[in-house]
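So this block is structure-v5.pdb, PDB, C-alpha atoms, pLDDT in the B column:
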```pdb
ATOM      1  CA  MET A1372      39.165 -95.258   7.309  1.00 70.00           C
ATOM      2  CA  LEU A1373      41.150 -94.381   4.204  1.00 78.00           C
ATOM      3  CA  LYS A1374      44.673 -93.009   4.449  1.00 81.00           C
ATOM      4  CA  THR A1375      44.431 -90.851   1.337  1.00 87.00           C
ATOM      5  CA  LYS A1376      43.989 -87.095   1.325  1.00 87.00           C
ATOM      6  CA  LEU A1377      40.622 -87.500  -0.405  1.00 93.00           C
ATOM      7  CA  LEU A1378      37.862 -89.024   1.732  1.00 93.00           C
ATOM      8  CA  GLN A1379      34.606 -87.637   0.291  1.00 96.00           C
ATOM      9  CA  PRO A1380      32.772 -90.771  -0.947  1.00 96.00           C
ATOM     10  CA  ASP A1381      30.862 -89.225  -3.872  1.00 97.00           C
ATOM     11  CA  ILE A1382      34.028 -87.631  -5.259  1.00 97.00           C
ATOM     12  CA  LEU A1383      35.952 -90.894  -4.835  1.00 96.00           C
ATOM     13  CA  ARG A1384      33.176 -92.829  -6.578  1.00 97.00           C
ATOM     14  CA  ALA A1385      33.025 -90.385  -9.515  1.00 97.00           C
ATOM     15  CA  LEU A1386      36.813 -90.343  -9.938  1.00 97.00           C
ATOM     16  CA  ALA A1387      36.980 -94.142  -9.777  1.00 95.00           C
ATOM     17  CA  ALA A1388      34.345 -94.380 -12.520  1.00 96.00           C
ATOM     18  CA  ALA A1389      36.042 -91.724 -14.669  1.00 96.00           C
ATOM     19  CA  GLY A1390      38.956 -92.468 -16.926  1.00 93.00           C
ATOM     20  CA  HIS A1391      41.516 -90.864 -19.178  1.00 95.00           C
ATOM     21  CA  ASN A1392      40.103 -87.716 -20.826  1.00 97.00           C
ATOM     22  CA  SER A1393      37.179 -87.435 -18.406  1.00 98.00           C
ATOM     23  CA  LYS A1394      36.774 -83.941 -17.006  1.00 98.00           C
ATOM     24  CA  VAL A1395      36.281 -82.590 -13.492  1.00 98.00           C
ATOM     25  CA  LEU A1396      34.839 -79.160 -12.733  1.00 98.00           C
ATOM     26  CA  ILE A1397      35.738 -77.424  -9.497  1.00 98.00           C
ATOM     27  CA  ALA A1398      33.436 -74.423  -9.226  1.00 98.00           C
ATOM     28  CA  ASP A1399      33.396 -71.350  -7.042  1.00 98.00           C
ATOM     29  CA  GLY A1400      30.379 -70.378  -4.953  1.00 97.00           C
ATOM     30  CA  ASN A1401      28.889 -68.279  -7.759  1.00 96.00           C
ATOM     31  CA  TYR A1402      28.983 -70.944 -10.449  1.00 97.00           C
ATOM     32  CA  PRO A1403      25.515 -72.189 -11.550  1.00 96.00           C
ATOM     33  CA  ILE A1404      26.154 -75.924 -11.155  1.00 95.00           C
ATOM     34  CA  SER A1405      22.499 -76.982 -10.999  1.00 94.00           C
ATOM     35  CA  THR A1406      21.592 -75.280 -14.285  1.00 95.00           C
ATOM     36  CA  THR A1407      24.770 -76.086 -16.243  1.00 95.00           C
ATOM     37  CA  LEU A1408      25.452 -79.666 -15.184  1.00 97.00           C
ATOM     38  CA  GLY A1409      26.816 -81.979 -17.852  1.00 96.00           C
ATOM     39  CA  PRO A1410      24.559 -84.924 -18.773  1.00 97.00           C
ATOM     40  CA  ARG A1411      26.883 -87.484 -17.155  1.00 97.00           C
ATOM     41  CA  ALA A1412      28.387 -85.340 -14.401  1.00 98.00           C
ATOM     42  CA  VAL A1413      27.957 -86.319 -10.775  1.00 98.00           C
ATOM     43  CA  PRO A1414      27.190 -83.147  -8.800  1.00 98.00           C
ATOM     44  CA  VAL A1415      28.844 -82.889  -5.385  1.00 98.00           C
ATOM     45  CA  TYR A1416      27.916 -79.958  -3.182  1.00 97.00           C
ATOM     46  CA  MET A1417      30.827 -79.066  -0.894  1.00 96.00           C
ATOM     47  CA  ASN A1418      29.587 -75.509  -0.350  1.00 95.00           C
ATOM     48  CA  LEU A1419      28.951 -75.795   3.381  1.00 93.00           C
ATOM     49  CA  SER A1420      29.100 -72.047   4.007  1.00 95.00           C
ATOM     50  CA  PRO A1421      30.744 -69.018   2.386  1.00 94.00           C
ATOM     51  CA  GLY A1422      34.449 -69.807   2.098  1.00 93.00           C
ATOM     52  CA  VAL A1423      34.057 -73.426   3.200  1.00 96.00           C
ATOM     53  CA  VAL A1424      35.128 -75.657   1.410  1.00 97.00           C
ATOM     54  CA  SER A1425      37.449 -73.643  -0.875  1.00 98.00           C
ATOM     55  CA  ALA A1426      38.257 -74.399  -4.510  1.00 98.00           C
ATOM     56  CA  THR A1427      41.938 -74.754  -3.633  1.00 98.00           C
ATOM     57  CA  GLU A1428      41.178 -77.327  -0.925  1.00 97.00           C
ATOM     58  CA  VAL A1429      39.179 -79.415  -3.392  1.00 98.00           C
ATOM     59  CA  LEU A1430      41.869 -79.073  -6.062  1.00 98.00           C
ATOM     60  CA  GLU A1431      44.518 -80.138  -3.541  1.00 97.00           C
ATOM     61  CA  ALA A1432      42.594 -83.335  -2.716  1.00 97.00           C
ATOM     62  CA  ILE A1433      41.790 -84.205  -6.341  1.00 97.00           C
ATOM     63  CA  ALA A1434      45.289 -83.421  -7.667  1.00 97.00           C
ATOM     64  CA  ALA A1435      46.727 -85.733  -5.004  1.00 96.00           C
ATOM     65  CA  SER A1436      44.417 -88.530  -6.188  1.00 95.00           C
ATOM     66  CA  VAL A1437      44.423 -88.547 -10.008  1.00 96.00           C
ATOM     67  CA  PRO A1438      46.825 -87.484 -12.758  1.00 96.00           C
ATOM     68  CA  ILE A1439      45.859 -84.214 -14.434  1.00 97.00           C
ATOM     69  CA  GLU A1440      46.550 -83.934 -18.166  1.00 97.00           C
ATOM     70  CA  SER A1441      45.251 -80.408 -18.690  1.00 98.00           C
ATOM     71  CA  ALA A1442      43.433 -77.607 -16.921  1.00 98.00           C
ATOM     72  CA  ALA A1443      41.377 -74.607 -17.981  1.00 98.00           C
ATOM     73  CA  VAL A1444      40.062 -71.514 -16.232  1.00 98.00           C
ATOM     74  CA  MET A1445      37.401 -68.948 -17.070  1.00 97.00           C
ATOM     75  CA  LEU A1446      38.713 -65.604 -18.302  1.00 96.00           C
ATOM     76  CA  PRO A1447      37.223 -62.762 -16.272  1.00 96.00           C
ATOM     77  CA  ARG A1448      35.230 -59.972 -17.753  1.00 93.00           C
ATOM     78  CA  ARG A1449      37.414 -56.894 -18.020  1.00 92.00           C
ATOM     79  CA  SER A1450      34.678 -54.346 -17.333  1.00 93.00           C
ATOM     80  CA  GLY A1451      31.332 -54.081 -15.606  1.00 92.00           C
ATOM     81  CA  PRO A1452      30.367 -54.991 -12.048  1.00 91.00           C
ATOM     82  CA  TYR A1453      32.314 -58.278 -12.134  1.00 89.00           C
ATOM     83  CA  GLY A1454      35.196 -57.018 -14.227  1.00 91.00           C
ATOM     84  CA  MET A1455      38.822 -57.502 -13.260  1.00 93.00           C
ATOM     85  CA  LYS A1456      41.792 -55.657 -14.765  1.00 94.00           C
ATOM     86  CA  ASN A1457      44.181 -58.511 -13.983  1.00 94.00           C
ATOM     87  CA  ASN A1458      43.840 -62.252 -13.876  1.00 95.00           C
ATOM     88  CA  PRO A1459      42.500 -63.675 -10.598  1.00 97.00           C
ATOM     89  CA  PRO A1460      45.245 -64.349  -8.014  1.00 96.00           C
ATOM     90  CA  ILE A1461      43.782 -67.810  -7.334  1.00 98.00           C
ATOM     91  CA  TRP A1462      45.085 -68.936 -10.724  1.00 98.00           C
ATOM     92  CA  ALA A1463      48.653 -68.847  -9.360  1.00 98.00           C
ATOM     93  CA  GLU A1464      47.463 -71.026  -6.462  1.00 98.00           C
ATOM     94  CA  PHE A1465      45.879 -73.477  -8.911  1.00 98.00           C
ATOM     95  CA  ASP A1466      49.149 -73.663 -10.860  1.00 98.00           C
ATOM     96  CA  LYS A1467      51.194 -74.212  -7.693  1.00 98.00           C
ATOM     97  CA  ILE A1468      48.911 -77.033  -6.499  1.00 98.00           C
ATOM     98  CA  LEU A1469      48.969 -78.789  -9.883  1.00 98.00           C
ATOM     99  CA  LYS A1470      52.759 -78.605 -10.091  1.00 97.00           C
ATOM    100  CA  LYS A1471      53.151 -79.735  -6.460  1.00 97.00           C
ATOM    101  CA  HIS A1472      51.465 -83.002  -7.423  1.00 96.00           C
ATOM    102  CA  GLY A1473      53.627 -83.546 -10.510  1.00 94.00           C
ATOM    103  CA  ASN A1474      51.173 -82.288 -13.102  1.00 93.00           C
ATOM    104  CA  LYS A1475      53.171 -80.387 -15.720  1.00 91.00           C
ATOM    105  CA  VAL A1476      50.310 -78.549 -17.379  1.00 95.00           C
ATOM    106  CA  GLU A1477      49.846 -75.047 -18.658  1.00 94.00           C
ATOM    107  CA  ILE A1478      46.486 -73.680 -17.538  1.00 97.00           C
ATOM    108  CA  GLU A1479      44.423 -72.707 -20.573  1.00 98.00           C
ATOM    109  CA  GLU A1480      42.339 -69.531 -20.395  1.00 98.00           C
ATOM    110  CA  LEU A1481      38.878 -69.864 -21.933  1.00 98.00           C
ATOM    111  CA  LYS A1482      36.268 -67.229 -22.691  1.00 97.00           C
ATOM    112  CA  ILE A1483      33.273 -67.431 -20.349  1.00 96.00           C
ATOM    113  CA  GLN A1484      30.826 -69.041 -22.776  1.00 96.00           C
ATOM    114  CA  GLU A1485      33.463 -71.497 -24.004  1.00 98.00           C
ATOM    115  CA  PHE A1486      34.211 -72.496 -20.401  1.00 98.00           C
ATOM    116  CA  TYR A1487      30.491 -72.985 -19.641  1.00 98.00           C
ATOM    117  CA  ALA A1488      30.082 -75.127 -22.772  1.00 98.00           C
ATOM    118  CA  MET A1489      33.058 -77.346 -21.904  1.00 98.00           C
ATOM    119  CA  ALA A1490      32.001 -77.643 -18.243  1.00 98.00           C
ATOM    120  CA  ALA A1491      28.537 -78.820 -19.340  1.00 98.00           C
ATOM    121  CA  GLY A1492      29.858 -81.330 -21.865  1.00 98.00           C
ATOM    122  CA  PRO A1493      29.189 -85.074 -21.972  1.00 98.00           C
ATOM    123  CA  ASP A1494      32.786 -85.857 -20.952  1.00 98.00           C
ATOM    124  CA  VAL A1495      32.459 -84.169 -17.548  1.00 98.00           C
ATOM    125  CA  ALA A1496      32.356 -86.909 -14.912  1.00 98.00           C
ATOM    126  CA  LEU A1497      32.265 -84.741 -11.791  1.00 98.00           C
ATOM    127  CA  SER A1498      31.158 -81.198 -10.913  1.00 98.00           C
ATOM    128  CA  VAL A1499      32.088 -79.990  -7.444  1.00 98.00           C
ATOM    129  CA  ALA A1500      30.377 -76.908  -6.015  1.00 98.00           C
ATOM    130  CA  THR A1501      32.563 -75.201  -3.424  1.00 98.00           C
ATOM    131  CA  GLY A1502      32.009 -72.350  -1.015  1.00 98.00           C
ATOM    132  CA  GLU A1503      34.855 -70.425  -2.667  1.00 98.00           C
ATOM    133  CA  ARG A1504      34.171 -66.687  -2.388  1.00 97.00           C
ATOM    134  CA  ARG A1505      36.799 -65.446  -4.808  1.00 97.00           C
ATOM    135  CA  ILE A1506      35.314 -64.795  -8.241  1.00 95.00           C
ATOM    136  CA  TYR A1507      36.532 -66.548 -11.390  1.00 97.00           C
ATOM    137  CA  ALA A1508      37.819 -69.355  -9.168  1.00 98.00           C
ATOM    138  CA  ASN A1509      36.594 -72.146 -11.452  1.00 98.00           C
ATOM    139  CA  ILE A1510      38.885 -74.770 -12.917  1.00 98.00           C
ATOM    140  CA  LEU A1511      38.147 -77.555 -15.369  1.00 98.00           C
ATOM    141  CA  LEU A1512      40.534 -80.500 -15.198  1.00 98.00           C
ATOM    142  CA  LYS A1513      41.115 -83.292 -17.699  1.00 98.00           C
ATOM    143  CA  ILE A1514      42.135 -86.568 -16.089  1.00 98.00           C
ATOM    144  CA  GLY A1515      45.319 -88.089 -17.465  1.00 96.00           C
ATOM    145  CA  ALA A1516      46.507 -91.662 -17.638  1.00 94.00           C
ATOM    146  CA  ILE A1517      48.672 -93.618 -15.240  1.00 90.00           C
ATOM    147  CA  LEU A1518      51.551 -95.065 -17.221  1.00 88.00           C
ATOM    148  CA  PRO A1519      53.091 -98.464 -16.483  1.00 92.00           C
ATOM    149  CA  ASP A1520      56.302 -98.550 -14.463  1.00 86.00           C
TER     150      ASP A1520
END
```
If you took the structure in this file and wrote it as structure tokens, what would it be?
Amino acid sequence: MLKTKLLQPDILRALAAAGHNSKVLIADGNYPISTTLGPRAVPVYMNLSPGVVSATEVLEAIAASVPIESAAVMLPRRSGPYGMKNNPPIWAEFDKILKKHGNKVEIEELKIQEFYAMAAGPDVALSVATGERRIYANILLKIGAILPD
């Protein structure tokens, strides 16, 4: 039994194989992982049921395990059936979790198609589908480097 916060073997394997500049997608329950998977990304389906496992729970485990150099989120549509007037509240939770684990990053806001393109890129090592019910609760992380002491 491991003593780390992260125990899921496929996520551990993908993170161990990834390196500096590799990307990790944590996707909400609406994200089309199976049709937008990067060519080298390991898909991990943590969407047990609606709301379980949440995007913030996955981010908490990953941020405790690897250094994060940068992060990006998907800007919401501002009108239409999925439109939001303000930014999603989960973004503040993402920021808090990243900072809690010593990652001093500003979360970049990407247009929807730009986010999809980056999340399907060849540098994505891991794509995690969650049961997150909140919309626009997707985050794309870039793994940093561990510096010598």
ask   = From the list A:Gln1379, A:Ser1441, A:Asn1418, A:Ser1450, which residue is nearest A:Leu1511 when using only C-alpha atoms?
value =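 That would be A:Ser1441, the residue with the smallest distance to A:Leu1511.
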query = Which of these residues is nearest to A:Val1413, using all atoms listed in the file: A:Asp1520, A:Leu1481, A:Ala1491, A:Ala1442?
reply =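 Of A:Asp1520, A:Leu1481, A:Ala1491, A:Ala1442, the one nearest A:Val1413 is A:Ala1491, counting all atoms listed in the file.
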ask   = Can you tell me how far atom CA of A:Leu1512 sits from atom CA of A:Lys1456, in Å to one decimal?
value =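 Computing it gives 24.9 Å between the two atoms.
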Hey, which bits of stretch 1420-1518 of chain A sit within 7 Å of stretch 1382-1406 of chain A, and for each residue what's the closest pair of atoms and how far apart in Å (one decimal), counting all atoms listed in the file, rows by chain and increasing number, as a tab-separated table?
```
residue	atom	partner	partner_atom	distance
A:Ala1426	CA	A:Asp1399	CA	6.3
A:Ala1490	CA	A:Leu1396	CA	6.4
A:Asp1494	CA	A:Ser1393	CA	5.3
A:Val1495	CA	A:Lys1394	CA	4.4
A:Ala1496	CA	A:Lys1394	CA	5.7
A:Leu1497	CA	A:Val1395	CA	4.9
A:Ser1498	CA	A:Leu1396	CA	4.6
A:Val1499	CA	A:Ile1397	CA	4.9
A:Ala1500	CA	A:Ala1398	CA	5.1
A:Thr1501	CA	A:Asp1399	CA	5.3
A:Gly1502	CA	A:Gly1400	CA	4.7
A:Glu1503	CA	A:Asp1399	CA	4.7
A:Arg1504	CA	A:Gly1400	CA	5.9
A:Ile1506	CA	A:Asp1399	CA	6.9
A:Ala1508	CA	A:Asp1399	CA	5.3
A:Asn1509	CA	A:Ala1398	CA	4.5
A:Ile1510	CA	A:Ile1397	CA	5.4
A:Leu1511	CA	A:Leu1396	CA	4.5
A:Leu1512	CA	A:Val1395	CA	5.0
A:Lys1513	CA	A:Lys1394	CA	4.4
A:Ile1514	CA	A:Asn1392	CA	5.3
A:Gly1515	CA	A:His1391	CA	5.0
A:Ala1516	CA	A:His1391	CA	5.3
```
remark   = Closest of A:Gly1409, A:Leu1430, A:Arg1505, A:Gly1422 to A:Pro1459, counting all atoms listed in the file, is A:Arg1505
inquiry  = Quick one: residues within 8 Å of stretch 1472-1474 of chain A, all atoms listed in the file, excluding same-chain residues fewer than 5 positions away - as a list in words?
reply    = Ala1434, Ala1435, Pro1438, Ile1439 and Glu1440 of chain A
ask   = Distance atom CA of A:Pro1421-atom CA of A:Val1437, one decimal place?
value = 26.9 Å
inquiry  = My list of candidates is A:Glu1428, A:Arg1411, A:Leu1446, A:Pro1493. Which is closest to A:Ile1478 when distances are computed with all atoms listed in the file?
reply    = A:Leu1446
query = Which one of A:Val1444, A:Tyr1507, A:Ala1432, A:Asp1381 sits closest to A:Val1415 if you count all atoms listed in the file?
reply = A:Asp1381
message = Report, in Å with one decimal, the straight-line distance from atom CA of A:Ile1483 to atom CA of A:Leu1377.
response = 29.2 Å
key: Distance criterion (only C-alpha atoms): nearest to A:Leu1469 out of A:Val1424, A:Ile1433, A:Met1445, A:Ile1517   = A:Ile1433
